[in-house]
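Structure below is upload.pdb: PDB, C-alpha atoms.
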ATOM      1  CA  MET A 165      20.544 -25.122  -7.104
ATOM      2  CA  ASN A 166      20.188 -25.574  -3.349
ATOM      3  CA  TYR A 167      19.193 -22.481  -1.407
ATOM      4  CA  PRO A 168      19.107 -21.983   2.376
ATOM      5  CA  ASN A 169      15.592 -22.418   3.767
ATOM      6  CA  SER A 170      13.757 -19.322   4.946
ATOM      7  CA  TYR A 171      10.593 -19.505   7.035
ATOM      8  CA  ILE A 172       9.340 -16.088   5.889
ATOM      9  CA  SER A 173      10.229 -14.254   2.688
ATOM     10  CA  VAL A 174       9.531 -10.529   2.310
ATOM     11  CA  ILE A 175       9.530  -9.367  -1.300
ATOM     12  CA  GLY A 176      10.387  -5.677  -1.545
ATOM     13  CA  ALA A 177      13.045  -3.844   0.479
ATOM     14  CA  GLY A 178      11.538  -0.368   0.600
ATOM     15  CA  SER A 179      10.838   1.247   3.962
ATOM     16  CA  TRP A 180       7.663  -0.775   4.618
ATOM     17  CA  GLY A 181       9.086  -4.092   3.438
ATOM     18  CA  THR A 182      12.222  -3.617   5.511
ATOM     19  CA  THR A 183      10.137  -2.626   8.529
ATOM     20  CA  LEU A 184       7.911  -5.707   8.347
ATOM     21  CA  ALA A 185      10.893  -7.966   7.697
ATOM     22  CA  SER A 186      12.678  -6.518  10.719
ATOM     23  CA  LEU A 187       9.560  -6.878  12.891
ATOM     24  CA  LEU A 188       9.268 -10.555  11.966
ATOM     25  CA  ALA A 189      12.988 -11.199  12.370
ATOM     26  CA  GLU A 190      12.954  -9.644  15.835
ATOM     27  CA  LYS A 191      10.208 -12.098  16.784
ATOM     28  CA  GLY A 192      12.725 -14.855  16.115
ATOM     29  CA  TYR A 193      11.603 -15.930  12.635
ATOM     30  CA  ASP A 194      14.135 -16.768   9.942
ATOM     31  CA  VAL A 195      13.473 -14.014   7.385
ATOM     32  CA  THR A 196      14.771 -13.390   3.881
ATOM     33  CA  LEU A 197      14.321  -9.913   2.416
ATOM     34  CA  TRP A 198      14.371  -9.623  -1.376
ATOM     35  CA  ALA A 199      15.742  -6.333  -2.734
ATOM     36  CA  TYR A 200      15.486  -5.154  -6.321
ATOM     37  CA  GLU A 201      18.844  -3.405  -5.949
ATOM     38  CA  LYS A 202      21.730  -5.899  -5.686
ATOM     39  CA  ASP A 203      23.948  -3.331  -3.963
ATOM     40  CA  LEU A 204      21.263  -2.743  -1.332
ATOM     41  CA  ALA A 205      20.993  -6.454  -0.520
ATOM     42  CA  GLU A 206      24.770  -6.677  -0.112
ATOM     43  CA  HIS A 207      24.838  -3.562   2.086
ATOM     44  CA  ILE A 208      22.083  -4.901   4.354
ATOM     45  CA  ASN A 209      23.934  -8.189   4.833
ATOM     46  CA  LYS A 210      27.242  -6.478   5.532
ATOM     47  CA  GLU A 211      26.219  -3.422   7.540
ATOM     48  CA  ARG A 212      22.774  -4.504   8.894
ATOM     49  CA  VAL A 213      21.314  -1.222   7.629
ATOM     50  CA  ASN A 214      19.035  -0.330   4.701
ATOM     51  CA  ASN A 215      21.045   2.726   3.683
ATOM     52  CA  ILE A 216      18.525   3.836   1.032
ATOM     53  CA  TYR A 217      15.126   3.636   2.735
ATOM     54  CA  LEU A 218      15.783   3.294   6.502
ATOM     55  CA  PRO A 219      19.349   4.535   7.036
ATOM     56  CA  ASP A 220      19.038   5.088  10.801
ATOM     57  CA  VAL A 221      17.805   1.612  11.786
ATOM     58  CA  VAL A 222      19.890  -1.445  12.663
ATOM     59  CA  ILE A 223      18.332  -4.621  11.228
ATOM     60  CA  SER A 224      18.047  -7.908  13.137
ATOM     61  CA  GLU A 225      20.662 -10.621  12.599
ATOM     62  CA  ASN A 226      17.790 -13.056  11.912
ATOM     63  CA  LEU A 227      17.263 -11.313   8.571
ATOM     64  CA  ARG A 228      19.312 -11.864   5.444
ATOM     65  CA  ALA A 229      18.882 -10.019   2.175
ATOM     66  CA  THR A 230      19.163 -11.237  -1.398
ATOM     67  CA  HIS A 231      18.720  -9.954  -4.948
ATOM     68  CA  ASP A 232      17.995 -13.478  -6.243
ATOM     69  CA  ILE A 233      14.219 -14.042  -6.417
ATOM     70  CA  ALA A 234      14.642 -17.833  -6.539
ATOM     71  CA  GLU A 235      16.765 -17.752  -3.397
ATOM     72  CA  ALA A 236      14.214 -15.480  -1.748
ATOM     73  CA  VAL A 237      11.136 -17.679  -2.143
ATOM     74  CA  THR A 238      12.339 -21.271  -2.522
ATOM     75  CA  ASN A 239      11.047 -23.401   0.383
ATOM     76  CA  SER A 240       9.456 -20.432   2.204
ATOM     77  CA  ARG A 241       6.431 -21.118   4.405
ATOM     78  CA  TYR A 242       5.173 -17.506   4.225
ATOM     79  CA  ILE A 243       5.728 -15.035   1.381
ATOM     80  CA  LEU A 244       4.916 -11.377   2.049
ATOM     81  CA  ASN A 245       4.541  -9.036  -0.934
ATOM     82  CA  VAL A 246       5.578  -5.412  -0.347
ATOM     83  CA  VAL A 247       6.419  -4.528  -3.955
ATOM     84  CA  PRO A 248       5.082  -1.319  -5.564
ATOM     85  CA  THR A 249       1.854  -2.349  -7.264
ATOM     86  CA  GLN A 250       2.903  -1.646 -10.849
ATOM     87  CA  HIS A 251       5.860  -4.088 -10.485
ATOM     88  CA  ILE A 252       4.081  -6.981  -8.744
ATOM     89  CA  ARG A 253       3.190  -8.804 -11.951
ATOM     90  CA  SER A 254       6.713  -8.964 -13.355
ATOM     91  CA  ILE A 255       8.336  -9.942 -10.052
ATOM     92  CA  PHE A 256       5.845 -12.649  -9.089
ATOM     93  CA  THR A 257       5.901 -14.054 -12.611
ATOM     94  CA  GLN A 258       9.648 -14.540 -12.106
ATOM     95  CA  ALA A 259       9.087 -16.009  -8.648
ATOM     96  CA  LYS A 260       6.285 -18.415  -9.615
ATOM     97  CA  PRO A 261       8.444 -21.448 -10.578
ATOM     98  CA  TYR A 262      10.109 -21.415  -7.145
ATOM     99  CA  ILE A 263       7.049 -20.964  -4.905
ATOM    100  CA  ARG A 264       5.843 -24.213  -3.402
ATOM    101  CA  ASP A 265       2.173 -25.172  -3.243
ATOM    102  CA  GLU A 266       2.085 -25.040   0.566
ATOM    103  CA  SER A 267       3.319 -21.435   0.807
ATOM    104  CA  ILE A 268       0.959 -18.893   2.350
ATOM    105  CA  ILE A 269       0.874 -15.563   0.500
ATOM    106  CA  ILE A 270       0.237 -12.188   2.123
ATOM    107  CA  SER A 271       0.223  -8.772   0.443
ATOM    108  CA  ALA A 272       0.995  -5.461   2.131
ATOM    109  CA  SER A 273       1.149  -3.375  -1.064
ATOM    110  CA  LYS A 274      -1.427  -0.629  -1.598
ATOM    111  CA  GLY A 275      -2.472   0.278  -5.108
ATOM    112  CA  ILE A 276      -4.325  -0.755  -8.249
ATOM    113  CA  GLU A 277      -2.587  -1.985 -11.386
ATOM    114  CA  ASN A 278      -2.957   0.319 -14.367
ATOM    115  CA  ASN A 279      -4.934  -1.028 -17.348
ATOM    116  CA  THR A 280      -6.023  -4.305 -15.685
ATOM    117  CA  LEU A 281      -7.503  -2.420 -12.691
ATOM    118  CA  LEU A 282      -6.558  -5.315 -10.405
ATOM    119  CA  THR A 283      -5.600  -4.976  -6.736
ATOM    120  CA  PRO A 284      -2.316  -6.525  -5.496
ATOM    121  CA  SER A 285      -4.003  -9.675  -4.190
ATOM    122  CA  MET A 286      -5.869 -10.087  -7.486
ATOM    123  CA  ILE A 287      -2.629  -9.812  -9.467
ATOM    124  CA  ILE A 288      -0.847 -12.406  -7.341
ATOM    125  CA  LYS A 289      -3.856 -14.730  -7.281
ATOM    126  CA  GLU A 290      -4.052 -14.551 -11.070
ATOM    127  CA  ILE A 291      -0.377 -15.535 -11.356
ATOM    128  CA  LEU A 292      -0.157 -18.181  -8.622
ATOM    129  CA  ASN A 293      -3.754 -19.419  -8.509
ATOM    130  CA  LYS A 294      -3.605 -19.257  -4.705
ATOM    131  CA  PRO A 295      -5.568 -17.283  -2.080
ATOM    132  CA  VAL A 296      -3.831 -14.094  -0.946
ATOM    133  CA  SER A 297      -4.321 -12.422   2.426
ATOM    134  CA  VAL A 298      -4.001  -8.661   2.866
ATOM    135  CA  LEU A 299      -2.288  -6.629   5.586
ATOM    136  CA  SER A 300      -3.471  -3.009   5.620
ATOM    137  CA  GLY A 301      -4.198  -0.077   7.905
ATOM    138  CA  PRO A 302      -2.685   3.134   9.298
ATOM    139  CA  SER A 303       1.013   2.360   9.606
ATOM    140  CA  PHE A 304       3.904   4.683   8.798
ATOM    141  CA  ALA A 305       7.030   2.543   8.498
ATOM    142  CA  LYS A 306       9.197   4.936  10.523
ATOM    143  CA  GLU A 307       6.808   4.759  13.473
ATOM    144  CA  VAL A 308       6.445   0.970  13.346
ATOM    145  CA  ILE A 309      10.213   0.465  13.149
ATOM    146  CA  ALA A 310      10.481   2.758  16.202
ATOM    147  CA  LYS A 311       7.998   0.450  17.983
ATOM    148  CA  MET A 312       5.295   3.088  18.384
ATOM    149  CA  PRO A 313       1.842   1.525  19.059
ATOM    150  CA  THR A 314       0.126   0.654  15.764
ATOM    151  CA  ALA A 315      -3.040  -1.271  14.845
ATOM    152  CA  VAL A 316      -3.710  -2.847  11.457
ATOM    153  CA  THR A 317      -6.172  -5.121   9.661
ATOM    154  CA  LEU A 318      -5.386  -8.581   8.336
ATOM    155  CA  ALA A 319      -8.028  -9.608   5.794
ATOM    156  CA  THR A 320      -8.241 -13.239   4.725
ATOM    157  CA  GLU A 321     -10.615 -15.472   2.783
ATOM    158  CA  ASP A 322     -10.159 -18.263   5.328
ATOM    159  CA  ARG A 323     -10.680 -17.714   9.072
ATOM    160  CA  LYS A 324      -8.077 -20.284  10.137
ATOM    161  CA  THR A 325      -5.463 -18.634   7.968
ATOM    162  CA  GLY A 326      -6.379 -15.279   9.483
ATOM    163  CA  LEU A 327      -5.905 -16.547  13.041
ATOM    164  CA  LEU A 328      -2.581 -18.133  12.094
ATOM    165  CA  LEU A 329      -1.250 -14.973  10.446
ATOM    166  CA  GLN A 330      -2.544 -12.823  13.296
ATOM    167  CA  GLU A 331      -0.155 -14.658  15.620
ATOM    168  CA  VAL A 332       2.695 -14.410  13.120
ATOM    169  CA  PHE A 333       2.517 -10.616  12.794
ATOM    170  CA  ASN A 334       1.225  -9.457  16.184
ATOM    171  CA  THR A 335       3.642  -7.908  18.711
ATOM    172  CA  ASP A 336       3.268  -5.783  21.850
ATOM    173  CA  TYR A 337       3.473  -2.657  19.660
ATOM    174  CA  PHE A 338       1.916  -3.930  16.403
ATOM    175  CA  ARG A 339      -1.655  -5.040  17.071
ATOM    176  CA  VAL A 340      -3.305  -7.104  14.336
ATOM    177  CA  TYR A 341      -7.080  -7.420  13.891
ATOM    178  CA  THR A 342      -8.588 -10.059  11.595
ATOM    179  CA  HIS A 343     -11.255  -9.362   8.986
ATOM    180  CA  ASP A 344     -12.798 -11.242   6.043
ATOM    181  CA  ASP A 345     -13.162  -8.433   3.477
ATOM    182  CA  VAL A 346     -10.056  -8.664   1.294
ATOM    183  CA  ILE A 347     -11.311  -6.402  -1.514
ATOM    184  CA  GLY A 348     -12.587  -3.786   0.945
ATOM    185  CA  ALA A 349      -9.230  -3.646   2.743
ATOM    186  CA  GLU A 350      -7.406  -3.210  -0.559
ATOM    187  CA  ILE A 351      -9.724  -0.569  -1.991
ATOM    188  CA  GLY A 352      -9.443   1.443   1.215
ATOM    189  CA  GLY A 353      -5.659   1.105   1.228
ATOM    190  CA  ALA A 354      -5.315   2.090  -2.419
ATOM    191  CA  LEU A 355      -7.791   4.938  -2.721
ATOM    192  CA  LYS A 356      -6.732   6.705   0.483
ATOM    193  CA  ASN A 357      -3.503   7.592  -1.331
ATOM    194  CA  VAL A 358      -5.462   9.453  -3.994
ATOM    195  CA  ILE A 359      -7.419  11.406  -1.375
ATOM    196  CA  ALA A 360      -4.167  12.114   0.473
ATOM    197  CA  ILE A 361      -2.801  13.851  -2.613
ATOM    198  CA  ALA A 362      -5.934  16.012  -2.604
ATOM    199  CA  ALA A 363      -5.476  16.763   1.112
ATOM    200  CA  GLY A 364      -1.895  17.793   0.482
ATOM    201  CA  ILE A 365      -3.038  20.104  -2.307
ATOM    202  CA  CYS A 366      -5.506  21.769   0.055
ATOM    203  CA  ASP A 367      -2.829  22.330   2.676
ATOM    204  CA  GLY A 368      -0.338  23.479   0.065
ATOM    205  CA  LEU A 369      -2.863  26.086  -1.026
ATOM    206  CA  GLY A 370      -3.381  27.111   2.604
ATOM    207  CA  LEU A 371      -7.120  26.373   2.585
ATOM    208  CA  GLY A 372      -7.415  25.587   6.291
ATOM    209  CA  HIS A 373      -8.699  22.824   8.559
ATOM    210  CA  ASN A 374     -12.333  23.038   7.448
ATOM    211  CA  SER A 375     -11.334  22.173   3.899
ATOM    212  CA  ARG A 376      -9.213  19.214   4.921
ATOM    213  CA  ALA A 377     -11.924  17.794   7.204
ATOM    214  CA  ALA A 378     -14.488  18.081   4.413
ATOM    215  CA  LEU A 379     -12.093  16.494   1.936
ATOM    216  CA  ILE A 380     -11.339  13.502   4.173
ATOM    217  CA  THR A 381     -15.021  12.888   4.880
ATOM    218  CA  ARG A 382     -16.182  13.226   1.293
ATOM    219  CA  GLY A 383     -13.159  11.241   0.152
ATOM    220  CA  LEU A 384     -14.172   8.366   2.401
ATOM    221  CA  SER A 385     -17.648   8.527   0.918
ATOM    222  CA  GLU A 386     -16.442   8.051  -2.641
ATOM    223  CA  ILE A 387     -14.009   5.304  -1.617
ATOM    224  CA  ALA A 388     -16.886   3.447   0.050
ATOM    225  CA  ARG A 389     -19.190   3.905  -2.950
ATOM    226  CA  LEU A 390     -16.591   2.353  -5.233
ATOM    227  CA  GLY A 391     -15.746  -0.425  -2.794
ATOM    228  CA  ILE A 392     -19.366  -1.415  -2.267
ATOM    229  CA  SER A 393     -19.889  -1.551  -6.027
ATOM    230  CA  MET A 394     -16.976  -4.020  -6.121
ATOM    231  CA  ASN A 395     -18.640  -6.220  -3.476
ATOM    232  CA  ALA A 396     -16.776  -4.881  -0.457
ATOM    233  CA  LYS A 397     -18.543  -4.565   2.893
ATOM    234  CA  GLU A 398     -19.642  -1.061   3.873
ATOM    235  CA  ILE A 399     -18.461  -1.523   7.473
ATOM    236  CA  THR A 400     -14.880  -2.081   6.277
ATOM    237  CA  PHE A 401     -14.548   1.591   5.366
ATOM    238  CA  SER A 402     -15.216   2.701   8.932
ATOM    239  CA  GLY A 403     -12.345   0.511  10.167
ATOM    240  CA  LEU A 404      -8.574   0.591  10.248
ATOM    241  CA  SER A 405      -8.062  -0.136   6.543
ATOM    242  CA  GLY A 406     -10.635   2.507   5.627
ATOM    243  CA  LEU A 407     -11.093   5.552   7.846
ATOM    244  CA  GLY A 408      -7.989   4.813   9.916
ATOM    245  CA  ASP A 409      -5.602   4.679   6.980
ATOM    246  CA  LEU A 410      -7.295   7.626   5.289
ATOM    247  CA  VAL A 411      -6.967   9.926   8.300
ATOM    248  CA  LEU A 412      -3.320   9.002   8.812
ATOM    249  CA  THR A 413      -2.329   9.494   5.189
ATOM    250  CA  CYS A 414      -4.226  12.767   4.810
ATOM    251  CA  THR A 415      -2.815  14.382   7.945
ATOM    252  CA  GLY A 416       0.635  12.943   8.591
ATOM    253  CA  PRO A 417       3.746  14.699   7.258
ATOM    254  CA  LEU A 418       5.399  11.270   6.799
ATOM    255  CA  SER A 419       2.892  10.479   4.025
ATOM    256  CA  ARG A 420       4.571  10.500   0.609
ATOM    257  CA  ASN A 421       1.224  11.016  -1.105
ATOM    258  CA  TYR A 422       0.271  13.967   1.089
ATOM    259  CA  SER A 423       3.718  15.437   0.382
ATOM    260  CA  VAL A 424       3.185  15.136  -3.380
ATOM    261  CA  GLY A 425      -0.124  16.977  -3.065
ATOM    262  CA  TYR A 426       1.362  19.643  -0.811
ATOM    263  CA  LYS A 427       4.077  20.411  -3.340
ATOM    264  CA  LEU A 428       1.493  20.534  -6.141
ATOM    265  CA  GLY A 429      -0.470  23.039  -4.089
ATOM    266  CA  GLN A 430       2.670  25.139  -3.718
ATOM    267  CA  GLY A 431       3.126  25.277  -7.481
ATOM    268  CA  LEU A 432       5.548  22.457  -8.369
ATOM    269  CA  THR A 433       4.807  20.197 -11.328
ATOM    270  CA  LEU A 434       4.450  16.434 -10.996
ATOM    271  CA  SER A 435       7.657  15.797 -12.939
ATOM    272  CA  GLU A 436       9.571  18.154 -10.649
ATOM    273  CA  ILE A 437       8.225  16.380  -7.565
ATOM    274  CA  ILE A 438       9.021  12.880  -8.855
ATOM    275  CA  SER A 439      12.581  13.914  -9.678
ATOM    276  CA  GLN A 440      13.131  14.973  -6.052
ATOM    277  CA  THR A 441      12.444  11.622  -4.387
ATOM    278  CA  ARG A 442      13.405   7.975  -4.714
ATOM    279  CA  SER A 443      10.457   6.634  -2.734
ATOM    280  CA  VAL A 444       7.273   5.642  -4.543
ATOM    281  CA  ALA A 445       4.077   7.636  -3.942
ATOM    282  CA  GLU A 446       1.592   4.945  -4.927
ATOM    283  CA  GLY A 447      -1.245   7.462  -5.206
ATOM    284  CA  VAL A 448       0.191   8.949  -8.394
ATOM    285  CA  THR A 449      -0.259   5.761 -10.452
ATOM    286  CA  THR A 450      -3.299   4.636  -8.440
ATOM    287  CA  THR A 451      -5.097   7.836  -9.481
ATOM    288  CA  LEU A 452      -5.119   6.621 -13.093
ATOM    289  CA  SER A 453      -6.638   3.280 -12.082
ATOM    290  CA  ALA A 454      -9.102   4.848  -9.642
ATOM    291  CA  TYR A 455     -10.350   7.221 -12.326
ATOM    292  CA  ASP A 456     -10.782   4.296 -14.736
ATOM    293  CA  LEU A 457     -12.618   2.268 -12.062
ATOM    294  CA  SER A 458     -15.016   5.151 -11.420
ATOM    295  CA  ARG A 459     -15.915   5.131 -15.089
ATOM    296  CA  LYS A 460     -16.100   1.328 -15.304
ATOM    297  CA  TYR A 461     -18.546   1.108 -12.399
ATOM    298  CA  ALA A 462     -20.269   4.447 -13.155
ATOM    299  CA  ILE A 463     -19.492   5.752  -9.644
ATOM    300  CA  ASP A 464     -19.408   9.485  -8.933
ATOM    301  CA  MET A 465     -15.894  10.174  -7.560
ATOM    302  CA  PRO A 466     -15.382  13.939  -7.901
ATOM    303  CA  ILE A 467     -12.272  14.242  -5.729
ATOM    304  CA  THR A 468     -10.560  11.401  -7.579
ATOM    305  CA  GLU A 469     -11.506  13.022 -10.874
ATOM    306  CA  GLN A 470     -10.009  16.372  -9.903
ATOM    307  CA  VAL A 471      -6.787  14.736  -8.674
ATOM    308  CA  TYR A 472      -6.590  12.908 -12.016
ATOM    309  CA  LEU A 473      -7.060  16.167 -13.928
ATOM    310  CA  THR A 474      -4.453  17.910 -11.780
ATOM    311  CA  LEU A 475      -1.837  15.161 -12.124
ATOM    312  CA  TYR A 476      -2.337  14.146 -15.729
ATOM    313  CA  LYS A 477      -4.085  17.040 -17.492
ATOM    314  CA  GLU A 478      -2.143  19.851 -15.798
ATOM    315  CA  LYS A 479      -5.261  21.414 -14.328
ATOM    316  CA  PRO A 480      -4.307  24.161 -11.863
ATOM    317  CA  PRO A 481      -5.054  23.049  -8.270
ATOM    318  CA  LYS A 482      -7.059  26.210  -7.537
ATOM    319  CA  GLU A 483      -9.355  25.453 -10.466
ATOM    320  CA  ALA A 484      -9.806  21.875  -9.230
ATOM    321  CA  VAL A 485     -10.912  23.149  -5.800
ATOM    322  CA  ARG A 486     -13.248  25.698  -7.367
ATOM    323  CA  ASP A 487     -14.903  23.042  -9.523
ATOM    324  CA  LEU A 488     -15.389  20.728  -6.538
ATOM    325  CA  MET A 489     -17.125  23.465  -4.570
ATOM    326  CA  ASN A 490     -19.378  24.474  -7.469
ATOM    327  CA  ARG A 491     -20.767  21.061  -8.300
ATOM    328  CA  THR A 492     -24.526  20.442  -8.387
ATOM    329  CA  LEU A 493     -25.957  20.345  -4.861
ATOM    330  CA  LYS A 494     -26.758  16.862  -3.539
ATOM    331  CA  SER A 495     -27.966  14.889  -0.525
ATOM    332  CA  GLU A 496     -24.971  13.953   1.678
ATOM    333  CA  PHE A 497     -25.453  10.186   1.360
ATOM    334  CA  TYR A 498     -26.360   9.949  -2.298
ATOM    335  CA  GLY A 499     -25.103   6.905  -4.142
ATOM    336  CA  TYR A 500     -25.530   4.374  -1.335
TER     337      TYR A 500
END
Rewrite the structure from the file as structure tokens, please.
Amino acid sequence: MNYPNSYISVIGAGSWGTTLASLLAEKGYDVTLWAYEKDLAEHINKERVNNIYLPDVVISENLRATHDIAEAVTNSRYILNVVPTQHIRSIFTQAKPYIRDESIIISASKGIENNTLLTPSMIIKEILNKPVSVLSGPSFAKEVIAKMPTAVTLATEDRKTGLLLQEVFNTDYFRVYTHDDVIGAEIGGALKNVIAIAAGICDGLGLGHNSRAALITRGLSEIARLGISMNAKEITFSGLSGLGDLVLTCTGPLSRNYSVGYKLGQGLTLSEIISQTRSVAEGVTTTLSAYDLSRKYAIDMPITEQVYLTLYKEKPPKEAVRDLMNRTLKSEFYGY
């Protein structure tokens, strides 16, 4: 079957996928946005609005949506993954026969696959046997789509690819920095969601600013310890995809993961919270993988452990906080 050519394909029509697709389309690129929901793709094409995830934003005419994965990726020069991490494998397995060898792959998903413990770029690389670049950093979709100044990290294995993609994504409101630490960018982007759930719990319990500041700082420490053990660069965690993304997600009310934690702190159960929203809080599933990674690499990650126990073992949030505060005393920079 012959499909219309698309210069850039964005796979995943949630708020972040739609935002990045719109950003690229407004730069003049021919963009195809793949949506899991057929009705959503049809609505975007007809009304120029993503009525599920970004109902108040008019989408560029340079963007067309489709539910057909073959149509989405056939002949594309750039393919941008923005699929929830636990669904990447199935979707890119379907897409593989239609992706040409020359296509450049970028991932903007943040998470770790359950059981395999692979990051998004690792999953895609395993399926396609191609290098995968990573776009990460502090970036709420609603603020980017409103053209509020934002800075992000683009991590690539190859410097030339990084410089090329930097020009593709950069705008006067979306500043893109290059970096060469793909695994570090992904670990920072994934694990910050787990710490954000913990930050939300603290605020839901009304524990104050001191508690949240301590949580963010100690959370960054355990993220870095894990990342370094996985061959990431320590400096990455002081950058946009590390500290920057962590601070945003732990303090901003637009954070889905923070909101999950806040509701847990107020007494709701995880099942009650999930039933109230259609958007994916990646930190919920990432917590399982992060806990497993801490055990695999024998890394002390106490905050991650307590979030895991709260989400999956029904441990009361107040008990989780108490146990964190009563741990054996240590040197601040142990484990490095």
Q. Using all atoms listed in the file, can you list as a VMD selection string the residues within 12 Å of (-11.6, -3.3, 6.6)?
A. chain A and resid 298 to 302 316 to 320 340 to 353 388 391 to 392 396 to 410
Q. What is the distance, in Å and to one decimal place, between CA of Ser240 in chain A and CA of Asn214 in chain A?
A. 22.4 Å
Q: Provide the CA of Thr468 in chain A to CA of Pro248 in chain A distance in Å, to one decimal place.
A: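 One can read the CA of Thr468 in chain A to CA of Pro248 in chain A distance as 20.3 Å.
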Q | For CA of Ile380 in chain A and CA of Glu483 in chain A, the interatomic separation in Å (one decimal) | A | 19.0 Å
Q: Taking the file above as input, evaluate the PyMOL selection byres ((chain A and resi 184) around 10) and report the hits as a ChimeraX atom specification.
A: /A:174,177,179-183,185-190,197,244,246,272,305,308-309,333
Q.
Restricting the calculation to all atoms listed in the file: of A:Gly326, A:Pro219, A:Gly416, A:Pro313, which residue gets closest to Arg339 in chain A?
A.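 Residue with the minimum atom-to-atom distance to Arg339 in chain A: A:Pro313.
In terms of minimum interatomic distance to Ser170 in chain A, A:Thr196 ranks closest within A:Thr196, A:Thr335, A:Gln330, A:Asn279, counting all atoms listed in the file.
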Proximity of range 319-419 of chain A to range 443-448 of chain A: per-residue shortest pair, 9 Å limit, only C-alpha atoms, as a tab-separated table:
residue	atom	partner	partner_atom	distance
A:Ala354	CA	A:Gly447	CA	7.3
A:Leu355	CA	A:Gly447	CA	7.4
A:Lys356	CA	A:Gly447	CA	7.9
A:Asn357	CA	A:Gly447	CA	4.5
A:Val358	CA	A:Gly447	CA	4.8
A:Ile359	CA	A:Gly447	CA	8.3
A:Ala360	CA	A:Gly447	CA	7.9
A:Ile361	CA	A:Gly447	CA	7.1
A:Ser419	CA	A:Ala445	CA	8.5
Q) Given the file above and the PyMOL selection byres ((chain A and resi 458) around 12), which residues are selected, and can you give them as a PyMOL selection string? A) chain A and resi 281+355+386-391+393-394+451-457+459-469+472
**Q.** Spatial neighbours of Gln430 in chain A, 6 Å, only C-alpha atoms, chain gap at least 2 places, as a ChimeraX atom specification
**A.** /A:368,427-428
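Nearest to Ala315 in chain A of all the residues A:Gln440, A:His231, A:Ser224, A:Leu412 is A:Leu412, counting all atoms listed in the file.
Each of A:Ala378, A:Ile365, A:Ala205, A:Ala310 was checked against Tyr422 in chain A using all atoms listed in the file; the smallest atom-to-atom distance is that of A:Ile365.
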(Q) Just checking: using all atoms listed in the file, which residue out of A:Pro481, A:Gly275, A:Gly192, A:Gly176 ends up closest to Ile233 in chain A? (A) A:Gly176
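Among the candidates A:Arg486, A:Pro261, A:Tyr426, A:Ala377, the one nearest to Glu235 in chain A when counting only C-alpha atoms is A:Pro261.
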Since fewer atoms than expected are present, regenerate N, CA, C and O atoms for range 232-241 of chain A and write them as a compact mmCIF listing (two decimals), in the frame of the given file.
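Produced file out_38.txt, reproduced below:
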# COMPACT_ATOMS: atom_id res chain seq x y z
N ASP A 232 18.38 -12.30 -5.46
CA ASP A 232 18.00 -13.48 -6.24
C ASP A 232 16.58 -13.90 -5.85
O ASP A 232 16.36 -14.37 -4.74
N ILE A 233 15.61 -13.75 -6.76
CA ILE A 233 14.22 -14.04 -6.42
C ILE A 233 14.02 -15.53 -6.13
O ILE A 233 13.20 -15.91 -5.27
N ALA A 234 14.75 -16.40 -6.81
CA ALA A 234 14.64 -17.83 -6.54
C ALA A 234 15.12 -18.15 -5.13
O ALA A 234 14.48 -18.89 -4.38
N GLU A 235 16.25 -17.56 -4.75
CA GLU A 235 16.76 -17.75 -3.40
C GLU A 235 15.79 -17.21 -2.36
O GLU A 235 15.62 -17.78 -1.29
N ALA A 236 15.12 -16.13 -2.71
CA ALA A 236 14.21 -15.48 -1.75
C ALA A 236 13.01 -16.34 -1.41
O ALA A 236 12.58 -16.38 -0.25
N VAL A 237 12.42 -17.02 -2.38
CA VAL A 237 11.14 -17.68 -2.14
C VAL A 237 11.19 -19.20 -2.06
O VAL A 237 10.26 -19.82 -1.56
N THR A 238 12.27 -19.81 -2.54
CA THR A 238 12.34 -21.27 -2.52
C THR A 238 12.22 -21.81 -1.10
O THR A 238 12.96 -21.39 -0.20
N ASN A 239 11.27 -22.72 -0.89
CA ASN A 239 11.05 -23.40 0.38
C ASN A 239 10.47 -22.52 1.49
O ASN A 239 10.39 -22.95 2.64
N SER A 240 10.02 -21.31 1.17
CA SER A 240 9.46 -20.43 2.20
C SER A 240 8.06 -20.89 2.61
O SER A 240 7.24 -21.27 1.76
N ARG A 241 7.77 -20.81 3.90
CA ARG A 241 6.43 -21.12 4.40
C ARG A 241 5.49 -19.95 4.16
O ARG A 241 4.34 -20.12 3.76
